Structures are given as C-alpha cells and as structure tokens.
Amino acid sequence: MGIDLSKLTQEIVLTRTGVTFNKNNVIGKRGNLTVGNVVFETIERGGNYVSLPTGRFLLTMTKDASRGQVFIVQPDGTFGHNVPTLSGGKAGIMIHSADTPDDLTGCLAPGKSFDAANGTLLQSSSAMTDIFNFFGGFGETKLAGWIKVE
C-alpha cells in the first residue's frame, strides 16, 4: 500500500535573498525559510557546490551520524530535486543545523538570526527543533511534507 501524498499538506518555503558573505574564506549565501507564520534566516554554501533548484520537493526526517536529526530532501523521482553530482547519481541535500557555510556542502541550514558582522547563523539547533515541531515532531524516517524553493 503506497503513501497518499495528498495528505502531506505541510509546506515550508525557501526564498533566496541574493545576499552573499564570506566566512573563513568560504562563500555563504543567505535566504529565508518560511515555516507557518515564522521566518527563519538560512545559509547555504556558495561557489561550486550543489544547491536546491526552484521547485517543490518531499522532505523525510532521519538521523545522520555526524549531523544529528535532519531533513533529507528527496533526491530523485517525480518529487525529487534531481541534482546530479560530478561522480554520478543524485546529490544528498539535507536541511540541518550549522553555524557557518563551511559546515555545509550543498545543504541548507536554518537559524533564528544571522550575525552579519561575524558571518554566523545563530540558534540553528533551536530553529531545527521548531521546524520539526511544525511537522508534528521528529520521527525517524518520517515523511514530513514539502519544501518549496522560490
């Protein structure tokens, strides 16, 4: 029996601001993630790193050995981002807590605020908890909902 995707109504929205910064000689890109009525700051790694294209993609919760509780953005198929890697296959793009762009290799990190003077995302772990709660709480391998990238 398949999963009824029409029951997944929760959606978060990523809007890129076009603002870049440099931290530890690594380019960072800033944006906003709207979760219900709350807007979080985001960072991504710039340069020649993969990132989510415009579109709407499925999110699954899981535990990553080095990053803890994360969202995996569906990599392939009808509801996947389908971003290729240089070595073949699809990129493993996640949403997880991070403070600086050198903590990311194509993933997205939310935070409650951004310290522009230091190029640092603040309260990222707390933001992740809030986002998990928006989707009804963390659950290992839980199909959570959608991310829309504008």
# chains A, B, ... in the order shown; residues from 1 in each chain; ligands from 1
$ select_by_dssp --residues "chain A" --states "strand (DSSP E or B)" --output "JSON, numbers by chain"
{"A": [11, 12, 13, 14, 15, 16, 17, 18, 19, 20, 21, 22, 23, 26, 27, 28, 29, 30, 31, 32, 33, 34, 35, 38, 39, 40, 41, 42, 43, 44, 45, 55, 56, 57, 58, 59, 60, 61, 62, 63, 64, 68, 69, 70, 71, 72, 73, 84, 90, 94, 95, 108, 109, 110, 111, 113, 114, 115, 120, 121, 122, 143, 144, 145, 146, 147, 148, 149]}
$ residues_around --residues "segment 117-125 of chain A" --least-positions-apart "4" --cutoff "9 Å" --atoms "only C-alpha atoms" --output "PyMOL selection string"
chain A and resi 21-23+28+41-43+96-101+109-113+129-130
$ write_last_selection --atoms "N, CA and C atoms" --output "PDB file, in the first residue's frame"
ATOM      1  N   PHE A  21      28.094  36.352   1.569  1.00  0.00           N
ATOM      2  CA  PHE A  21      29.062  36.786   2.572  1.00  0.00           C
ATOM      3  C   PHE A  21      30.235  35.832   2.541  1.00  0.00           C
ATOM      4  N   ASN A  22      31.305  36.199   3.222  1.00  0.00           N
ATOM      5  CA  ASN A  22      32.486  35.357   3.255  1.00  0.00           C
ATOM      6  C   ASN A  22      32.846  35.083   4.708  1.00  0.00           C
ATOM      7  N   LYS A  23      33.007  33.826   5.036  1.00  0.00           N
ATOM      8  CA  LYS A  23      33.386  33.415   6.397  1.00  0.00           C
ATOM      9  C   LYS A  23      34.441  32.321   6.270  1.00  0.00           C
ATOM     10  N   GLY A  28      29.240  32.211   1.489  1.00  0.00           N
ATOM     11  CA  GLY A  28      27.937  31.807   2.002  1.00  0.00           C
ATOM     12  C   GLY A  28      26.839  32.563   1.282  1.00  0.00           C
ATOM     13  N   GLU A  41      16.176  32.706   9.254  1.00  0.00           N
ATOM     14  CA  GLU A  41      17.309  33.005   8.381  1.00  0.00           C
ATOM     15  C   GLU A  41      17.865  31.669   7.886  1.00  0.00           C
ATOM     16  N   THR A  42      18.484  31.669   6.704  1.00  0.00           N
ATOM     17  CA  THR A  42      19.147  30.460   6.219  1.00  0.00           C
ATOM     18  C   THR A  42      20.510  30.810   5.646  1.00  0.00           C
ATOM     19  N   ILE A  43      21.379  29.799   5.637  1.00  0.00           N
ATOM     20  CA  ILE A  43      22.638  29.889   4.913  1.00  0.00           C
ATOM     21  C   ILE A  43      22.808  28.636   4.070  1.00  0.00           C
ATOM     22  N   HIS A  96      19.884  20.892   7.872  1.00  0.00           N
ATOM     23  CA  HIS A  96      20.407  20.545   9.194  1.00  0.00           C
ATOM     24  C   HIS A  96      20.989  21.783   9.858  1.00  0.00           C
ATOM     25  N   SER A  97      21.257  21.676  11.139  1.00  0.00           N
ATOM     26  CA  SER A  97      21.814  22.815  11.861  1.00  0.00           C
ATOM     27  C   SER A  97      23.279  23.017  11.463  1.00  0.00           C
ATOM     28  N   ALA A  98      23.666  24.289  11.373  1.00  0.00           N
ATOM     29  CA  ALA A  98      25.044  24.685  11.071  1.00  0.00           C
ATOM     30  C   ALA A  98      25.179  26.159  11.433  1.00  0.00           C
ATOM     31  N   ASP A  99      26.415  26.578  11.660  1.00  0.00           N
ATOM     32  CA  ASP A  99      26.668  27.967  12.023  1.00  0.00           C
ATOM     33  C   ASP A  99      27.279  28.784  10.887  1.00  0.00           C
ATOM     34  N   THR A 100      28.091  28.138  10.073  1.00  0.00           N
ATOM     35  CA  THR A 100      28.814  28.834   9.015  1.00  0.00           C
ATOM     36  C   THR A 100      28.756  28.013   7.729  1.00  0.00           C
ATOM     37  N   PRO A 101      29.010  28.643   6.573  1.00  0.00           N
ATOM     38  CA  PRO A 101      28.912  27.903   5.318  1.00  0.00           C
ATOM     39  C   PRO A 101      29.930  26.784   5.176  1.00  0.00           C
ATOM     40  N   ALA A 109      20.944  25.365   6.010  1.00  0.00           N
ATOM     41  CA  ALA A 109      20.847  25.463   7.472  1.00  0.00           C
ATOM     42  C   ALA A 109      19.956  26.637   7.853  1.00  0.00           C
ATOM     43  N   PRO A 110      18.957  26.404   8.714  1.00  0.00           N
ATOM     44  CA  PRO A 110      18.127  27.492   9.231  1.00  0.00           C
ATOM     45  C   PRO A 110      18.655  27.984  10.576  1.00  0.00           C
ATOM     46  N   GLY A 111      18.330  29.222  10.904  1.00  0.00           N
ATOM     47  CA  GLY A 111      18.682  29.772  12.205  1.00  0.00           C
ATOM     48  C   GLY A 111      17.669  30.827  12.599  1.00  0.00           C
ATOM     49  N   LYS A 112      17.724  31.235  13.841  1.00  0.00           N
ATOM     50  CA  LYS A 112      16.770  32.239  14.321  1.00  0.00           C
ATOM     51  C   LYS A 112      17.211  33.661  13.990  1.00  0.00           C
ATOM     52  N   SER A 113      18.511  33.863  13.784  1.00  0.00           N
ATOM     53  CA  SER A 113      19.008  35.164  13.346  1.00  0.00           C
ATOM     54  C   SER A 113      20.380  34.960  12.715  1.00  0.00           C
ATOM     55  N   THR A 129      14.575  22.424  15.794  1.00  0.00           N
ATOM     56  CA  THR A 129      13.547  21.889  16.692  1.00  0.00           C
ATOM     57  C   THR A 129      12.181  22.488  16.367  1.00  0.00           C
ATOM     58  N   ASP A 130      12.144  23.788  16.154  1.00  0.00           N
ATOM     59  CA  ASP A 130      10.880  24.455  15.802  1.00  0.00           C
ATOM     60  C   ASP A 130      10.313  23.919  14.490  1.00  0.00           C
TER      61      ASP A 130
END
$ closest_residue --among "A:Asn82, A:Gln74, A:Thr105, A:Asn133" --to "Pro53 of chain A" --atoms "only C-alpha atoms"
A:Asn82
$ residues_around --residues "Asp64 of chain A" --least-positions-apart "5" --cutoff "10 Å" --atoms "only C-alpha atoms" --output "PDB file with C-alpha atoms, in the first residue's frame"
ATOM      1  CA  GLN A  69      18.371  14.975  13.312  1.00  0.00           C
ATOM      2  CA  VAL A  70      17.975  16.219   9.743  1.00  0.00           C
ATOM      3  CA  PHE A  71      15.577  16.513   6.855  1.00  0.00           C
ATOM      4  CA  ILE A  72      16.575  14.761   3.654  1.00  0.00           C
ATOM      5  CA  MET A  94      19.788  17.932   3.621  1.00  0.00           C
ATOM      6  CA  HIS A  96      20.407  20.545   9.194  1.00  0.00           C
TER       7      HIS A  96
END
$ atom_distance --atom1 "atom CA of Gly31 of chain A" --atom2 "atom CA of Trp146 of chain A"
17.4 Å
$ closest_residue --among "A:Asn25, A:Thr15, A:Gln10, A:Thr141" --to "Thr54 of chain A" --atoms "only C-alpha atoms"
A:Thr15
$ closest_residue --among "A:Ile95, A:Val13, A:Met61, A:Met128" --to "Leu108 of chain A" --atoms "only C-alpha atoms"
A:Ile95
$ residues_around --residues "Val83 of chain A" --least-positions-apart "6" --cutoff "9 Å" --atoms "only C-alpha atoms" --output "list of chain:residue names"
A:Val50, A:Ser51, A:Leu52, A:Pro53, A:Pro75, A:Asp76, A:Gly89, A:Lys90, A:Ala91, A:Gly92, A:Ile93
$ closest_residue --among "A:Asn48, A:Ser126, A:Thr20, A:Thr9" --to "Gly36 of chain A" --atoms "only C-alpha atoms"
A:Thr9
$ closest_atom_pairs --of "segment 58-131 of chain A" --to "segment 3-8 of chain A" --cutoff "12 Å" --atoms "only C-alpha atoms" --output "Markdown table"
| residue | atom | partner | partner_atom | distance |
| --- | --- | --- | --- | --- |
| A:Leu58 | CA | A:Leu8 | CA | 9.2 |
| A:Leu59 | CA | A:Leu8 | CA | 10.0 |
| A:Thr60 | CA | A:Leu8 | CA | 11.3 |
| A:Thr78 | CA | A:Leu5 | CA | 11.9 |
| A:Phe79 | CA | A:Leu5 | CA | 10.2 |
$ write_last_selection --atoms "N, CA and C atoms" --output "compact mmCIF listing (two decimals), in the first residue's frame"
# COMPACT_ATOMS: atom_id res chain seq x y z
N LEU A 58 9.81 16.67 -1.70
CA LEU A 58 9.44 15.94 -0.49
C LEU A 58 10.56 15.99 0.55
N LEU A 59 10.16 16.03 1.82
CA LEU A 59 11.09 16.02 2.94
C LEU A 59 10.86 14.79 3.80
N THR A 60 11.94 14.13 4.18
CA THR A 60 11.90 13.00 5.09
C THR A 60 12.83 13.28 6.26
N THR A 78 9.79 11.89 -9.29
CA THR A 78 8.85 12.97 -9.59
C THR A 78 8.92 14.09 -8.58
N PHE A 79 9.10 13.78 -7.30
CA PHE A 79 9.12 14.80 -6.25
C PHE A 79 10.51 15.04 -5.69
$ select_by_dssp --residues "segment 10-149 of chain A" --states "alpha helix (DSSP H)" --output "number ranges by chain"
A: 124-134
$ atom_distance --atom1 "atom CA of Ser87 of chain A" --atom2 "atom CA of Val73 of chain A"
19.1 Å
$ residues_around --residues "Val38 of chain A" --least-positions-apart "4" --cutoff "10 Å" --atoms "only C-alpha atoms" --output "compact mmCIF listing (two decimals) with C-alpha atoms, in the first residue's frame"
# COMPACT_ATOMS: atom_id res chain seq x y z
CA ILE A 12 7.94 25.26 4.14
CA ASN A 32 14.78 32.96 4.42
CA LEU A 33 12.78 29.86 5.28
CA THR A 34 9.11 30.47 6.00
CA LYS A 112 16.77 32.24 14.32
CA ASP A 130 10.88 24.46 15.80
CA ILE A 131 10.71 23.16 12.23
$ closest_residue --among "A:Glu11, A:Gly46, A:Glu150, A:Ala127" --to "Val26 of chain A" --atoms "only C-alpha atoms"
A:Gly46
$ closest_residue --among "A:Gly106, A:Asn24, A:Phe57, A:Lys63" --to "Thr85 of chain A" --atoms "only C-alpha atoms"
A:Gly106
$ atom_distance --atom1 "atom CA of Arg30 of chain A" --atom2 "atom CA of Leu14 of chain A"
10.4 Å
$ decode --residues "segment 20-148 of chain A" --atoms "C-alpha atoms" --output "tab-separated table (two decimals), in the first residue's frame"
chain	number	residue	atom	x	y	z
A	20	THR	CA	26.38	36.61	-0.10
A	21	PHE	CA	29.06	36.79	2.57
A	22	ASN	CA	32.49	35.36	3.26
A	23	LYS	CA	33.39	33.41	6.40
A	24	ASN	CA	36.67	31.53	6.81
A	25	ASN	CA	37.37	32.11	3.09
A	26	VAL	CA	34.16	30.27	2.19
A	27	ILE	CA	31.33	31.96	0.32
A	28	GLY	CA	27.94	31.81	2.00
A	29	LYS	CA	24.52	32.57	0.56
A	30	ARG	CA	21.71	33.94	2.71
A	31	GLY	CA	17.99	33.37	2.48
A	32	ASN	CA	14.78	32.96	4.42
A	33	LEU	CA	12.78	29.86	5.28
A	34	THR	CA	9.11	30.47	6.00
A	35	VAL	CA	7.66	27.84	8.32
A	36	GLY	CA	3.99	28.54	9.03
A	37	ASN	CA	3.98	32.12	10.33
A	38	VAL	CA	7.67	32.12	11.31
A	39	VAL	CA	10.54	33.24	9.09
A	40	PHE	CA	13.99	31.80	9.79
A	41	GLU	CA	17.31	33.01	8.38
A	42	THR	CA	19.15	30.46	6.22
A	43	ILE	CA	22.64	29.89	4.91
A	44	GLU	CA	23.93	27.74	2.09
A	45	ARG	CA	27.43	27.24	0.75
A	46	GLY	CA	28.26	29.23	-2.34
A	47	GLY	CA	30.84	28.60	-5.01
A	48	ASN	CA	30.80	25.34	-6.95
A	49	TYR	CA	28.57	23.47	-4.52
A	50	VAL	CA	25.19	21.93	-5.33
A	51	SER	CA	22.03	23.60	-4.09
A	52	LEU	CA	18.32	23.05	-4.37
A	53	PRO	CA	16.79	24.24	-7.64
A	54	THR	CA	13.48	26.06	-7.89
A	55	GLY	CA	10.61	23.64	-7.29
A	56	ARG	CA	8.70	21.64	-4.68
A	57	PHE	CA	10.30	18.60	-3.07
A	58	LEU	CA	9.44	15.94	-0.49
A	59	LEU	CA	11.09	16.02	2.94
A	60	THR	CA	11.90	13.00	5.09
A	61	MET	CA	13.23	13.12	8.65
A	62	THR	CA	16.15	10.95	9.64
A	63	LYS	CA	19.19	10.79	11.90
A	64	ASP	CA	22.57	11.42	10.32
A	65	ALA	CA	25.68	10.07	12.07
A	66	SER	CA	27.51	13.40	12.00
A	67	ARG	CA	24.68	15.96	11.79
A	68	GLY	CA	22.05	14.53	14.16
A	69	GLN	CA	18.37	14.98	13.31
A	70	VAL	CA	17.98	16.22	9.74
A	71	PHE	CA	15.58	16.51	6.85
A	72	ILE	CA	16.57	14.76	3.65
A	73	VAL	CA	15.26	16.43	0.52
A	74	GLN	CA	14.00	13.71	-1.84
A	75	PRO	CA	16.89	13.29	-4.30
A	76	ASP	CA	15.19	11.69	-7.29
A	77	GLY	CA	11.93	10.85	-8.95
A	78	THR	CA	8.85	12.97	-9.59
A	79	PHE	CA	9.12	14.80	-6.25
A	80	GLY	CA	12.92	14.86	-6.05
A	81	HIS	CA	15.37	17.67	-6.72
A	82	ASN	CA	17.26	15.52	-9.29
A	83	VAL	CA	20.51	17.49	-8.81
A	84	PRO	CA	23.37	15.41	-10.22
A	85	THR	CA	26.77	15.01	-8.60
A	86	LEU	CA	30.03	15.11	-10.53
A	87	SER	CA	30.62	11.44	-9.71
A	88	GLY	CA	27.17	10.33	-10.92
A	89	GLY	CA	23.96	9.79	-9.02
A	90	LYS	CA	21.92	12.44	-7.23
A	91	ALA	CA	23.15	14.88	-4.58
A	92	GLY	CA	22.27	14.14	-0.95
A	93	ILE	CA	20.91	17.56	0.00
A	94	MET	CA	19.79	17.93	3.62
A	95	ILE	CA	18.43	20.57	5.95
A	96	HIS	CA	20.41	20.55	9.19
A	97	SER	CA	21.81	22.81	11.86
A	98	ALA	CA	25.04	24.68	11.07
A	99	ASP	CA	26.67	27.97	12.02
A	100	THR	CA	28.81	28.83	9.02
A	101	PRO	CA	28.91	27.90	5.32
A	102	ASP	CA	32.00	25.75	5.79
A	103	ASP	CA	29.74	23.44	7.85
A	104	LEU	CA	27.75	22.79	4.64
A	105	THR	CA	28.50	21.06	1.34
A	106	GLY	CA	25.29	21.72	-0.56
A	107	CYS	CA	22.86	21.54	2.33
A	108	LEU	CA	20.69	24.25	3.86
A	109	ALA	CA	20.85	25.46	7.47
A	110	PRO	CA	18.13	27.49	9.23
A	111	GLY	CA	18.68	29.77	12.20
A	112	LYS	CA	16.77	32.24	14.32
A	113	SER	CA	19.01	35.16	13.35
A	114	PHE	CA	22.18	35.98	11.43
A	115	ASP	CA	25.17	37.84	12.84
A	116	ALA	CA	26.33	39.74	9.73
A	117	ALA	CA	29.40	41.18	11.49
A	118	ASN	CA	30.73	37.67	12.15
A	119	GLY	CA	29.09	35.81	9.22
A	120	THR	CA	27.46	33.37	11.62
A	121	LEU	CA	23.99	31.83	11.76
A	122	LEU	CA	22.63	31.85	15.32
A	123	GLN	CA	20.41	29.35	17.17
A	124	SER	CA	20.36	26.85	14.32
A	125	SER	CA	19.63	23.82	16.54
A	126	SER	CA	16.70	25.63	18.13
A	127	ALA	CA	15.36	26.56	14.68
A	128	MET	CA	15.56	22.90	13.61
A	129	THR	CA	13.55	21.89	16.69
A	130	ASP	CA	10.88	24.46	15.80
A	131	ILE	CA	10.71	23.16	12.23
A	132	PHE	CA	10.41	19.54	13.37
A	133	ASN	CA	7.58	20.65	15.67
A	134	PHE	CA	5.85	22.36	12.73
A	135	PHE	CA	5.78	18.93	11.06
A	136	GLY	CA	4.37	17.25	14.19
A	137	GLY	CA	7.65	16.38	15.90
A	138	PHE	CA	10.70	14.40	14.85
A	139	GLY	CA	10.24	10.81	13.76
A	140	GLU	CA	12.94	8.58	12.32
A	141	THR	CA	12.19	8.04	8.59
A	142	LYS	CA	9.01	10.14	8.90
A	143	LEU	CA	7.75	11.53	5.60
A	144	ALA	CA	7.17	15.10	6.78
A	145	GLY	CA	5.88	17.30	3.98
A	146	TRP	CA	7.29	19.64	1.37
A	147	ILE	CA	9.86	22.34	0.78
A	148	LYS	CA	9.09	24.84	-1.93
